[in-house]
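Undergrad: Below is the file run14.csv, with CSV, C-alpha atoms.
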chain,number,residue,atom,x,y,z
A,24,MET,CA,140.0,109.7,121.2
A,25,LEU,CA,141.9,111.2,124.0
A,26,LYS,CA,145.2,109.7,125.1
A,27,PRO,CA,145.5,108.5,128.7
A,28,ASP,CA,147.5,111.6,129.8
A,29,GLN,CA,144.7,113.8,128.4
A,30,LEU,CA,142.0,112.3,130.5
A,31,THR,CA,140.8,115.2,132.6
A,32,ILE,CA,137.2,116.1,133.4
A,33,ASN,CA,137.4,119.2,131.2
A,34,ASN,CA,138.8,117.3,128.2
A,35,ILE,CA,136.3,114.5,128.6
A,36,ARG,CA,133.4,117.0,128.8
A,37,LYS,CA,134.7,118.6,125.5
A,38,GLU,CA,134.8,115.2,123.8
A,39,LEU,CA,131.4,114.3,125.1
A,40,GLU,CA,130.0,117.5,123.6
A,41,ILE,CA,131.5,116.7,120.2
A,42,ILE,CA,130.2,113.2,120.4
A,43,SER,CA,126.7,114.4,121.4
A,44,GLN,CA,126.6,116.9,118.5
A,45,GLU,CA,127.6,114.2,115.9
A,46,MET,CA,125.1,111.8,117.4
A,47,LEU,CA,122.4,114.4,117.2
A,48,GLU,CA,123.0,114.9,113.5
A,49,ILE,CA,122.5,111.1,112.9
A,50,ILE,CA,119.4,111.1,115.2
A,51,LYS,CA,117.9,114.0,113.2
A,52,LYS,CA,118.9,112.6,109.8
A,53,TYR,CA,117.1,109.3,110.5
A,54,ASP,CA,114.4,110.7,112.8
A,55,LEU,CA,115.3,108.4,115.6
A,56,THR,CA,112.7,108.9,118.3
A,57,ALA,CA,113.2,106.1,120.9
A,58,MET,CA,111.3,106.4,124.1
A,59,SER,CA,114.3,105.1,126.2
A,60,GLN,CA,118.0,104.8,125.9
A,61,LEU,CA,117.6,101.1,125.7
A,62,ASP,CA,115.5,101.4,122.5
A,63,VAL,CA,118.0,103.6,120.7
A,64,ILE,CA,120.2,100.8,119.4
A,65,ASP,CA,117.3,98.7,118.2
A,66,MET,CA,115.8,101.8,116.5
A,67,ALA,CA,119.1,102.7,114.9
A,68,ARG,CA,119.5,99.1,113.6
A,69,GLU,CA,116.1,99.3,112.0
A,70,ASN,CA,116.1,102.9,110.7
A,71,ILE,CA,119.7,103.8,109.7
A,72,THR,CA,120.0,102.8,106.1
A,73,GLU,CA,123.6,103.8,105.4
A,74,LYS,CA,126.1,101.3,106.7
A,75,ASN,CA,128.7,104.0,107.5
A,76,ASP,CA,126.2,106.0,109.5
A,77,TYR,CA,125.2,103.0,111.5
A,78,ILE,CA,128.8,102.1,112.2
A,79,ARG,CA,129.5,105.7,113.2
A,80,PHE,CA,126.4,105.7,115.4
A,81,LEU,CA,127.7,102.6,117.2
A,82,GLU,CA,131.2,104.1,117.5
A,83,LEU,CA,129.8,107.3,119.0
A,84,SER,CA,127.7,105.3,121.4
A,85,LEU,CA,130.8,103.3,122.6
A,86,GLU,CA,133.0,106.3,122.8
A,87,GLY,CA,130.4,108.2,124.9
A,88,ARG,CA,130.1,105.2,127.2
A,89,ILE,CA,133.9,104.9,127.6
A,90,TYR,CA,134.3,108.6,128.3
A,91,GLY,CA,131.4,108.6,130.7
A,92,GLU,CA,133.0,105.7,132.7
A,93,ALA,CA,136.4,107.5,132.6
A,94,ALA,CA,134.8,110.7,134.0
A,95,ALA,CA,133.0,108.7,136.8
A,96,ALA,CA,136.3,107.0,137.7
A,97,ILE,CA,138.2,110.4,137.8
A,98,GLU,CA,135.5,112.0,139.9
A,99,LYS,CA,135.4,109.1,142.3
A,100,ARG,CA,139.2,109.2,142.7
A,101,GLU,CA,139.1,113.0,143.2
A,102,ASN,CA,136.3,112.6,145.9
A,103,VAL,CA,138.4,109.9,147.7
A,104,GLN,CA,141.5,112.2,147.6
A,105,GLN,CA,139.5,115.1,149.0
A,106,THR,CA,138.1,113.1,151.9
A,107,THR,CA,141.5,111.6,152.8
A,108,HIS,CA,143.3,115.0,152.9
Please rewrite the model in this file as structure tokens.

TA:
Amino acid sequence: MLKPDQLTINNIRKELEIISQEMLEIIKKYDLTAMSQLDVIDMARENITEKNDYIRFLELSLEGRIYGEAAAAIEKRENVQQTTH
């Protein structure tokens, strides 16, 4: 995880790419083919048989969400700064 002083759009994008690659490995390993993002967690719960893989899948999901929200907040702050200057 990035430290607060490392939270830049570029660093977040790099982390999200790493998270995506690891998530894809788990998705391929267990042939997870959910029709929507909302189905992914249920499908993972049912199909991931190795406890550590399931825990890692949940961790990656949470990390991705946190980084996504951080990126959105940074972009919003930058947009506000641009419009006020």

Undergrad: Quick one: of A:Asp28, A:Glu38, A:Ser84, A:Thr107, who's nearest to Gln60 (chain A), counting only C-alpha atoms?

TA: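 Result for the nearest residue to Gln60 (chain A): A:Ser84.
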
Undergrad: Would you mind telling me which residue in A:Lys26, A:Ile32, A:Gln105, A:Lys37 lies nearest to Glu92 (chain A) when using only C-alpha atoms?

TA: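 That would be A:Ile32, the residue with the smallest distance to Glu92 (chain A).
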
Undergrad: Within 8 Å of region 70-81 of chain A, counting all atoms listed in the file, which residues qualify if same-chain residues fewer than 5 places away don't, as an NGL selection string?

TA: :A and (46 or 49 or 53 or 55)

Undergrad: Just how far from CA of Ala95 (chain A) is CA of Ser43 (chain A), in Å to one decimal?

TA: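 Interatomic distance, CA of Ser43 (chain A) to CA of Ala95 (chain A): 17.6 Å.
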
Undergrad: Rounded to one decimal place, report the CA of Leu30 (chain A)-CA of Leu47 (chain A) distance in Å.

TA: 23.8 Å

Undergrad: Set the distance at 12 Å and use all atoms listed in the file: which residues neighbour Pro27 (chain A) once local chain neighbours fewer than 3 positions away are removed? I'd like the list as a PyMOL selection string.

TA: chain A and resi 24+30-31+34-35+90+93+97

Undergrad: How many Å lie between CA of Glu45 (chain A) and CA of Glu98 (chain A), rounded to one decimal?

TA: 25.4 Å

Undergrad: Of the candidates A:Gln29, A:Lys51, A:Ile42, A:Asn102, which one gets nearest to Glu86 (chain A) if we count only C-alpha atoms?

TA: A:Ile42
